[in-house]
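Next comes coords-v1.txt, a file with compact mmCIF, C-alpha atoms.
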# COMPACT_ATOMS: atom_id res chain seq x y z
CA MET M 1 75.15 94.98 121.77
CA ILE M 2 75.27 93.36 118.35
CA ALA M 3 73.59 94.85 115.29
CA PRO M 4 70.58 92.75 114.25
CA GLN M 5 71.33 90.42 111.34
CA GLY M 6 71.24 92.26 108.05
CA ARG M 7 71.12 95.75 109.53
CA GLY M 8 74.82 96.59 109.51
CA ILE M 9 77.44 96.05 106.87
CA ALA M 10 78.87 93.06 108.69
CA GLY M 11 77.31 89.97 110.15
CA PRO M 12 76.86 89.55 113.91
CA ASP M 13 80.20 87.82 114.45
CA THR M 14 82.25 90.79 113.18
CA ALA M 15 79.83 93.53 114.21
CA ALA M 16 80.66 92.75 117.82
CA LYS M 17 84.23 94.03 117.40
CA ALA M 18 85.00 96.85 119.79
CA ASP M 19 86.91 98.96 117.30
CA THR M 20 83.95 100.01 115.15
CA PHE M 21 82.27 103.22 114.10
CA ARG M 22 78.48 103.04 113.81
CA ILE M 23 76.53 105.36 111.55
CA LEU M 24 72.79 105.57 112.24
CA HIS M 25 70.45 107.12 109.68
CA VAL M 26 67.09 108.35 111.02
CA SER M 27 63.86 109.41 109.34
CA THR M 28 60.19 109.03 110.29
CA GLY M 29 58.88 105.66 109.13
CA ASN M 30 62.19 104.00 108.19
CA VAL M 31 60.67 102.98 104.88
CA CYS M 32 61.74 105.82 102.53
CA ARG M 33 64.51 108.29 103.35
CA SER M 34 66.58 106.42 105.94
CA PRO M 35 66.56 103.11 103.99
CA ILE M 36 67.71 104.99 100.90
CA THR M 37 70.43 106.73 102.91
CA GLU M 38 71.53 103.55 104.67
CA ARG M 39 71.84 101.50 101.50
CA LEU M 40 73.51 104.30 99.52
CA THR M 41 76.02 104.68 102.35
CA ARG M 42 76.78 100.97 102.30
CA HIS M 43 77.11 101.00 98.52
CA ALA M 44 79.45 103.98 98.57
CA LEU M 45 81.61 102.47 101.31
CA THR M 46 81.94 99.26 99.33
CA ASP M 47 82.99 101.32 96.32
CA ARG M 48 85.66 103.10 98.33
CA LEU M 49 86.88 100.37 100.69
CA GLY M 50 85.99 97.10 98.98
CA ASP M 51 85.17 95.48 102.31
CA PRO M 52 83.67 98.29 104.43
CA PHE M 53 83.91 96.43 107.71
CA ALA M 54 87.62 96.01 107.18
CA GLY M 55 87.66 99.70 108.08
CA GLY M 56 85.38 99.16 111.07
CA LEU M 57 82.33 100.99 109.71
CA VAL M 58 78.79 99.72 110.44
CA VAL M 59 75.70 101.36 108.93
CA GLU M 60 72.17 101.13 110.31
CA SER M 61 68.86 103.03 110.18
CA ALA M 62 65.67 103.48 112.17
CA GLY M 63 62.56 105.66 112.27
CA THR M 64 61.17 107.92 114.97
CA TRP M 65 57.78 106.40 114.09
CA GLY M 66 59.36 103.35 112.51
CA HIS M 67 57.23 100.77 110.74
CA GLU M 68 58.68 97.81 112.61
CA GLY M 69 59.29 94.86 110.30
CA ALA M 70 57.97 96.63 107.19
CA PRO M 71 59.77 96.52 103.84
CA MET M 72 60.99 99.75 102.33
CA GLU M 73 58.61 101.52 99.98
CA ALA M 74 58.66 100.12 96.44
CA HIS M 75 59.68 103.45 94.92
CA ALA M 76 62.58 103.68 97.40
CA ALA M 77 63.76 100.24 96.31
CA THR M 78 63.53 101.27 92.66
CA VAL M 79 65.59 104.39 93.30
CA LEU M 80 68.28 102.37 95.07
CA ALA M 81 68.47 99.88 92.23
CA ASP M 82 68.71 102.74 89.72
CA LEU M 83 71.66 104.14 91.69
CA GLY M 84 73.40 100.76 91.82
CA ALA M 85 72.69 100.02 95.48
CA ASP M 86 71.10 96.86 96.90
CA PRO M 87 67.54 97.31 98.27
CA HIS M 88 67.01 93.63 99.17
CA GLY M 89 66.47 92.24 102.64
CA PHE M 90 65.57 95.52 104.31
CA THR M 91 63.10 95.64 107.22
CA GLY M 92 62.04 98.80 109.02
CA ARG M 93 62.46 99.36 112.73
CA GLU M 94 61.48 101.89 115.36
CA LEU M 95 64.20 104.05 116.87
CA LEU M 96 65.13 102.83 120.33
CA ASP M 97 67.44 104.11 123.03
CA GLU M 98 69.90 101.31 122.33
CA HIS M 99 70.32 102.47 118.73
CA VAL M 100 71.29 105.97 119.85
CA ILE M 101 73.56 104.66 122.60
CA ARG M 102 75.52 102.51 120.13
CA ALA M 103 75.79 105.14 117.39
CA ASP M 104 78.96 107.15 116.90
CA LEU M 105 77.28 109.36 114.31
CA VAL M 106 73.54 109.95 113.85
CA LEU M 107 72.46 111.53 110.56
CA THR M 108 68.82 112.55 110.33
CA ALA M 109 66.60 113.57 107.44
CA THR M 110 65.29 116.74 109.13
CA ARG M 111 65.88 119.09 112.03
CA ASP M 112 62.81 117.67 113.79
CA HIS M 113 64.34 114.20 113.66
CA ARG M 114 67.59 115.61 115.01
CA ALA M 115 65.73 117.21 117.90
CA GLN M 116 63.93 113.95 118.66
CA VAL M 117 67.18 112.01 118.78
CA ILE M 118 68.83 114.58 121.02
CA SER M 119 65.80 114.61 123.33
CA MET M 120 66.38 110.91 123.99
CA GLY M 121 69.53 111.84 125.90
CA HIS M 122 72.57 109.56 125.93
CA SER M 123 74.86 112.55 125.20
CA ALA M 124 73.67 112.45 121.61
CA GLY M 125 73.88 116.18 120.91
CA LEU M 126 77.50 116.30 119.77
CA ARG M 127 77.15 113.32 117.41
CA THR M 128 73.73 114.03 115.89
CA PHE M 129 73.30 116.15 112.75
CA THR M 130 70.95 116.35 109.84
CA LEU M 131 72.58 114.78 106.79
CA LYS M 132 72.79 118.07 104.93
CA GLU M 133 74.08 119.90 107.99
CA PHE M 134 76.87 117.36 108.37
CA THR M 135 77.71 117.65 104.68
CA ARG M 136 78.00 121.43 104.98
CA LEU M 137 80.28 121.15 108.02
CA VAL M 138 82.43 118.40 106.51
CA ARG M 139 83.10 120.51 103.42
CA ALA M 140 84.72 123.11 105.69
CA ILE M 141 87.12 120.64 107.34
CA ASP M 142 90.63 120.31 105.93
CA PRO M 143 91.12 116.56 105.34
CA ALA M 144 94.84 117.00 106.02
CA THR M 145 93.95 117.64 109.68
CA LEU M 146 92.30 114.22 110.02
CA PRO M 147 94.01 110.92 110.92
CA ASP M 148 95.45 108.82 108.13
CA PRO M 149 92.83 106.21 107.14
CA GLU M 150 95.45 103.87 105.67
CA ARG M 151 97.01 102.82 108.95
CA ALA M 152 95.52 100.13 111.20
CA GLY M 153 92.31 101.43 112.78
CA GLY M 154 92.72 104.64 110.83
CA VAL M 155 89.25 104.77 109.30
CA VAL M 156 87.55 104.56 112.70
CA GLU M 157 89.96 107.10 114.20
CA ARG M 158 89.40 109.41 111.25
CA ALA M 159 85.61 109.08 111.50
CA ARG M 160 85.63 109.98 115.18
CA ALA M 161 87.87 112.97 114.56
CA LEU M 162 85.58 114.11 111.74
CA VAL M 163 82.54 114.09 114.02
CA GLN M 164 84.40 116.08 116.68
CA ALA M 165 85.57 118.65 114.12
CA ALA M 166 82.04 119.00 112.68
CA ALA M 167 80.55 119.48 116.15
CA ALA M 168 83.08 122.23 116.86
CA LEU M 169 82.09 124.06 113.66
CA ARG M 170 78.34 123.84 114.16
CA GLY M 171 77.90 127.21 115.85
CA TRP M 172 80.13 128.98 113.32
CA LEU M 173 78.91 127.64 110.00
CA LEU M 174 75.17 128.19 109.91
CA ALA M 175 72.65 127.09 107.30
CA PRO M 176 71.81 129.80 104.73
CA ASN M 177 68.09 129.22 105.31
CA ALA M 178 65.67 127.00 107.22
CA GLU M 179 65.23 124.55 104.35
CA ALA M 180 68.93 123.99 103.67
CA ASP M 181 69.27 121.17 106.19
CA GLU M 182 66.07 119.28 105.29
CA VAL M 183 65.46 116.19 103.17
CA HIS M 184 61.73 116.15 102.50
CA ASP M 185 59.57 113.06 102.88
CA PRO M 186 58.64 111.40 99.56
CA TYR M 187 56.16 108.99 101.18
CA GLY M 188 53.13 108.66 98.91
CA ALA M 189 54.72 110.75 96.15
CA PRO M 190 55.31 109.60 92.56
CA ILE M 191 58.53 107.92 91.51
CA THR M 192 59.84 111.17 90.01
CA PHE M 193 59.90 112.78 93.45
CA PHE M 194 61.53 109.69 94.97
CA ARG M 195 64.23 109.92 92.31
CA SER M 196 64.88 113.58 93.12
CA ILE M 197 65.17 112.73 96.82
CA GLY M 198 67.49 109.82 96.02
CA ASP M 199 69.73 112.11 93.98
CA GLU M 200 69.66 114.71 96.75
CA ILE M 201 70.71 112.15 99.36
CA ASN M 202 73.38 110.68 97.11
CA GLN M 203 74.91 114.09 96.48
CA ALA M 204 74.90 114.93 100.19
CA LEU M 205 76.54 111.63 101.09
CA ASP M 206 79.42 111.83 98.62
CA PRO M 207 81.59 114.43 100.42
CA VAL M 208 80.79 112.85 103.79
CA LEU M 209 81.97 109.39 102.75
CA THR M 210 85.00 110.79 100.97
CA ALA M 211 85.96 112.60 104.17
CA LEU M 212 85.31 109.52 106.31
CA THR M 213 87.39 107.16 104.21
CA GLY M 214 89.90 109.50 102.64
CA ARG M 215 88.93 108.06 99.25
CA SER M 216 86.83 109.47 96.43
CA ALA M 217 84.21 107.44 94.59
CA ARG M 218 85.66 105.18 91.92
CA SER M 219 82.59 105.31 89.70

Can you give me the file's structure in the form of structure tokens?
Amino acid sequence: MIAPQGRGIAGPDTAAKADTFRILHVSTGNVCRSPITERLTRHALTDRLGDPFAGGLVVESAGTWGHEGAPMEAHAATVLADLGADPHGFTGRELLDEHVIRADLVLTATRDHRAQVISMGHSAGLRTFTLKEFTRLVRAIDPATLPDPERAGGVVERARALVQAAAALRGWLLAPNAEADEVHDPYGAPITFFRSIGDEINQALDPVLTALTGRSARS
């Protein structure tokens, strides 16, 4: 199936390519945390790759209680703009089976979201993590053991290998406490809390996207 227009990095003509790697960000309403994470991911991939889809990466988001068709929260848009990412054109959507089926990596805001995604089935357990959990696992993976992202199809191959390596580490590298893998919901909070959540997400994404692409941020 093709990503709805505007949801992925590429348009529908290129998003249909078979050799892609889809990253799905999941939160509750798909108006705060997952839009921030989606757009920061896209921004960071553009920084690293120039044309992200040239590497075969597609980024989407949805909510377990998604506000279908709703814009992202105004504070979320402000945070994205402050961080240099593009908040425009976003519309929320409810998480559906098809989103999980298509995703190669699902990154959730909390452990409850992770459990909800896994409960949908579709063999999602080995490719679904909280964002902070995945960050912790990725930090423990030697990038030299991953495929070379510079060769043809290398970014997609590297991304798939990274997910497999993280899944293998999950039972060995545990969170230091129950809160370590959570990104708390800023819905209804003041802009200062949104900014702290945006910074938290941005910091968690950086090592993940460096590991995925083999390239550090340029800015």

Using only C-alpha atoms, which of M:Leu173, M:Ala211, M:Ala62, M:Ile36 sits nearest Pro186 of chain M?
->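 The answer is M:Ile36, which sits nearest to Pro186 of chain M.
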
Restricting to all atoms listed in the file, whichever of M:Leu126, M:Ala76, M:Ala159, M:Ala70 is closest to Gly171 of chain M is M:Leu126

Extract, using only C-alpha atoms, all DNA, RNA and protein residues at most 12 Å from Leu24 of chain M, discarding same-chain residues fewer than 5 positions from it, and format them as a compact mmCIF listing (two decimals) with C-alpha atoms, in the coordinates of the input.
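And here's selection_25.txt as it stands now:
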# COMPACT_ATOMS: atom_id res chain seq x y z
CA ALA M 3 73.59 94.85 115.29
CA ARG M 7 71.12 95.75 109.53
CA GLY M 8 74.82 96.59 109.51
CA ILE M 9 77.44 96.05 106.87
CA ASN M 30 62.19 104.00 108.19
CA SER M 34 66.58 106.42 105.94
CA PRO M 35 66.56 103.11 103.99
CA THR M 37 70.43 106.73 102.91
CA GLU M 38 71.53 103.55 104.67
CA ARG M 39 71.84 101.50 101.50
CA THR M 41 76.02 104.68 102.35
CA ARG M 42 76.78 100.97 102.30
CA LEU M 57 82.33 100.99 109.71
CA VAL M 58 78.79 99.72 110.44
CA VAL M 59 75.70 101.36 108.93
CA GLU M 60 72.17 101.13 110.31
CA SER M 61 68.86 103.03 110.18
CA ALA M 62 65.67 103.48 112.17
CA GLY M 63 62.56 105.66 112.27
CA LEU M 95 64.20 104.05 116.87
CA LEU M 96 65.13 102.83 120.33
CA GLU M 98 69.90 101.31 122.33
CA HIS M 99 70.32 102.47 118.73
CA VAL M 100 71.29 105.97 119.85
CA ILE M 101 73.56 104.66 122.60
CA ARG M 102 75.52 102.51 120.13
CA ALA M 103 75.79 105.14 117.39
CA ASP M 104 78.96 107.15 116.90
CA LEU M 105 77.28 109.36 114.31
CA VAL M 106 73.54 109.95 113.85
CA LEU M 107 72.46 111.53 110.56
CA THR M 108 68.82 112.55 110.33
CA ALA M 109 66.60 113.57 107.44
CA ARG M 114 67.59 115.61 115.01
CA VAL M 117 67.18 112.01 118.78
CA ALA M 124 73.67 112.45 121.61
CA ARG M 127 77.15 113.32 117.41
CA THR M 128 73.73 114.03 115.89
CA PHE M 129 73.30 116.15 112.75
CA THR M 130 70.95 116.35 109.84
CA LEU M 131 72.58 114.78 106.79

Counting only C-alpha atoms, figure out which residue out of M:Glu133, M:Asp86, M:Glu182, M:Asp47 gets nearest to Thr210 of chain M.
-> M:Asp47

When distances are computed from all atoms listed in the file, which of M:Leu162, M:Asp97, M:Pro207, M:Lys132 shows the smallest separation from Ile118 of chain M?
-> M:Asp97

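The smallest atom-to-atom distance between Arg158 of chain M and any of M:Gln116, M:Gln203, M:Thr213, M:Thr46, using only C-alpha atoms, is found for M:Thr213.
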
Return the single residue from M:Val31, M:Ile201, M:Ala167, M:Val138 that is closest to Trp65 of chain M, with distances computed using all atoms listed in the file.
->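 Closest residue, counting all atoms listed in the file: M:Val31.
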
Using atom CA of Leu40 of chain M and atom CA of Asp185 of chain M as the two end points, give the distance in Å to one decimal.
->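 That distance, rounded to one decimal, is 16.8 Å.
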
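Between atom CA of Gly69 of chain M and atom CA of Gly188 of chain M the separation is 18.9 Å.
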
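One distance worth recording is that between atom CA of Pro71 of chain M and atom CA of Thr91 of chain M, which is 4.8 Å.
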
Can I get N, CA, C and O atoms for segment 137-159 of chain M, as a JSON list (two decimals), in the first residue's frame?
[["chain", "number", "residue", "atom", "x", "y", "z"],
["M", 137, "LEU", "N", 19.29, 0.82, 23.20],
["M", 137, "LEU", "CA", 19.80, -0.38, 22.56],
["M", 137, "LEU", "C", 20.76, -0.04, 21.43],
["M", 137, "LEU", "O", 21.80, -0.67, 21.27],
["M", 138, "VAL", "N", 20.41, 0.97, 20.64],
["M", 138, "VAL", "CA", 21.25, 1.38, 19.52],
["M", 138, "VAL", "C", 22.63, 1.83, 19.99],
["M", 138, "VAL", "O", 23.65, 1.55, 19.35],
["M", 139, "ARG", "N", 22.68, 2.51, 21.12],
["M", 139, "ARG", "CA", 23.97, 2.98, 21.65],
["M", 139, "ARG", "C", 24.91, 1.82, 21.95],
["M", 139, "ARG", "O", 26.14, 2.00, 21.98],
["M", 140, "ALA", "N", 24.35, 0.63, 22.18],
["M", 140, "ALA", "CA", 25.18, -0.53, 22.54],
["M", 140, "ALA", "C", 25.61, -1.34, 21.32],
["M", 140, "ALA", "O", 26.36, -2.31, 21.46],
["M", 141, "ILE", "N", 25.17, -0.94, 20.13],
["M", 141, "ILE", "CA", 25.50, -1.68, 18.91],
["M", 141, "ILE", "C", 26.71, -1.05, 18.23],
["M", 141, "ILE", "O", 26.75, 0.16, 18.00],
["M", 142, "ASP", "N", 27.69, -1.88, 17.90],
["M", 142, "ASP", "CA", 28.88, -1.40, 17.21],
["M", 142, "ASP", "C", 28.51, -1.10, 15.76],
["M", 142, "ASP", "O", 28.13, -2.01, 15.01],
["M", 143, "PRO", "N", 28.60, 0.16, 15.32],
["M", 143, "PRO", "CA", 28.22, 0.48, 13.94],
["M", 143, "PRO", "C", 29.04, -0.25, 12.90],
["M", 143, "PRO", "O", 28.59, -0.43, 11.76],
["M", 144, "ALA", "N", 30.24, -0.68, 13.27],
["M", 144, "ALA", "CA", 31.09, -1.42, 12.33],
["M", 144, "ALA", "C", 30.50, -2.77, 11.96],
["M", 144, "ALA", "O", 30.89, -3.37, 10.95],
["M", 145, "THR", "N", 29.55, -3.27, 12.78],
["M", 145, "THR", "CA", 28.92, -4.56, 12.49],
["M", 145, "THR", "C", 27.73, -4.42, 11.55],
["M", 145, "THR", "O", 27.14, -5.43, 11.15],
["M", 146, "LEU", "N", 27.36, -3.20, 11.20],
["M", 146, "LEU", "CA", 26.20, -2.96, 10.36],
["M", 146, "LEU", "C", 26.61, -2.80, 8.90],
["M", 146, "LEU", "O", 27.74, -2.41, 8.60],
["M", 147, "PRO", "N", 25.69, -3.07, 7.96],
["M", 147, "PRO", "CA", 26.01, -2.91, 6.53],
["M", 147, "PRO", "C", 26.42, -1.49, 6.18],
["M", 147, "PRO", "O", 25.99, -0.52, 6.82],
["M", 148, "ASP", "N", 27.23, -1.37, 5.15],
["M", 148, "ASP", "CA", 27.71, -0.09, 4.68],
["M", 148, "ASP", "C", 26.56, 0.69, 4.04],
["M", 148, "ASP", "O", 25.98, 0.24, 3.05],
["M", 149, "PRO", "N", 26.21, 1.88, 4.56],
["M", 149, "PRO", "CA", 25.09, 2.62, 4.00],
["M", 149, "PRO", "C", 25.42, 3.30, 2.67],
["M", 149, "PRO", "O", 24.50, 3.81, 2.00],
["M", 150, "GLU", "N", 26.68, 3.33, 2.28],
["M", 150, "GLU", "CA", 27.07, 4.05, 1.07],
["M", 150, "GLU", "C", 26.83, 3.25, -0.21],
["M", 150, "GLU", "O", 26.77, 3.82, -1.29],
["M", 151, "ARG", "N", 26.70, 1.95, -0.10],
["M", 151, "ARG", "CA", 26.46, 1.17, -1.32],
["M", 151, "ARG", "C", 24.99, 1.20, -1.68],
["M", 151, "ARG", "O", 24.14, 1.59, -0.87],
["M", 152, "ALA", "N", 24.65, 0.77, -2.87],
["M", 152, "ALA", "CA", 23.27, 0.78, -3.35],
["M", 152, "ALA", "C", 22.38, -0.05, -2.42],
["M", 152, "ALA", "O", 22.69, -1.21, -2.14],
["M", 153, "GLY", "N", 21.29, 0.58, -1.94],
["M", 153, "GLY", "CA", 20.39, -0.12, -1.02],
["M", 153, "GLY", "C", 20.94, -0.28, 0.37],
["M", 153, "GLY", "O", 20.32, -0.95, 1.22],
["M", 154, "GLY", "N", 22.08, 0.35, 0.64],
["M", 154, "GLY", "CA", 22.77, 0.12, 1.91],
["M", 154, "GLY", "C", 22.05, 0.71, 3.10],
["M", 154, "GLY", "O", 22.12, 0.14, 4.20],
["M", 155, "VAL", "N", 21.37, 1.83, 2.93],
["M", 155, "VAL", "CA", 20.68, 2.44, 4.07],
["M", 155, "VAL", "C", 19.54, 1.55, 4.55],
["M", 155, "VAL", "O", 19.36, 1.34, 5.75],
["M", 156, "VAL", "N", 18.76, 1.02, 3.60],
["M", 156, "VAL", "CA", 17.67, 0.12, 3.97],
["M", 156, "VAL", "C", 18.20, -1.15, 4.61],
["M", 156, "VAL", "O", 17.70, -1.61, 5.65],
["M", 157, "GLU", "N", 19.24, -1.72, 4.02],
["M", 157, "GLU", "CA", 19.84, -2.94, 4.58],
["M", 157, "GLU", "C", 20.38, -2.68, 5.98],
["M", 157, "GLU", "O", 20.21, -3.49, 6.89],
["M", 158, "ARG", "N", 21.00, -1.53, 6.16],
["M", 158, "ARG", "CA", 21.56, -1.17, 7.47],
["M", 158, "ARG", "C", 20.44, -0.98, 8.50],
["M", 158, "ARG", "O", 20.56, -1.43, 9.65],
["M", 159, "ALA", "N", 19.36, -0.32, 8.10],
["M", 159, "ALA", "CA", 18.24, -0.09, 9.00],
["M", 159, "ALA", "C", 17.63, -1.41, 9.46],
["M", 159, "ALA", "O", 17.32, -1.58, 10.65]]
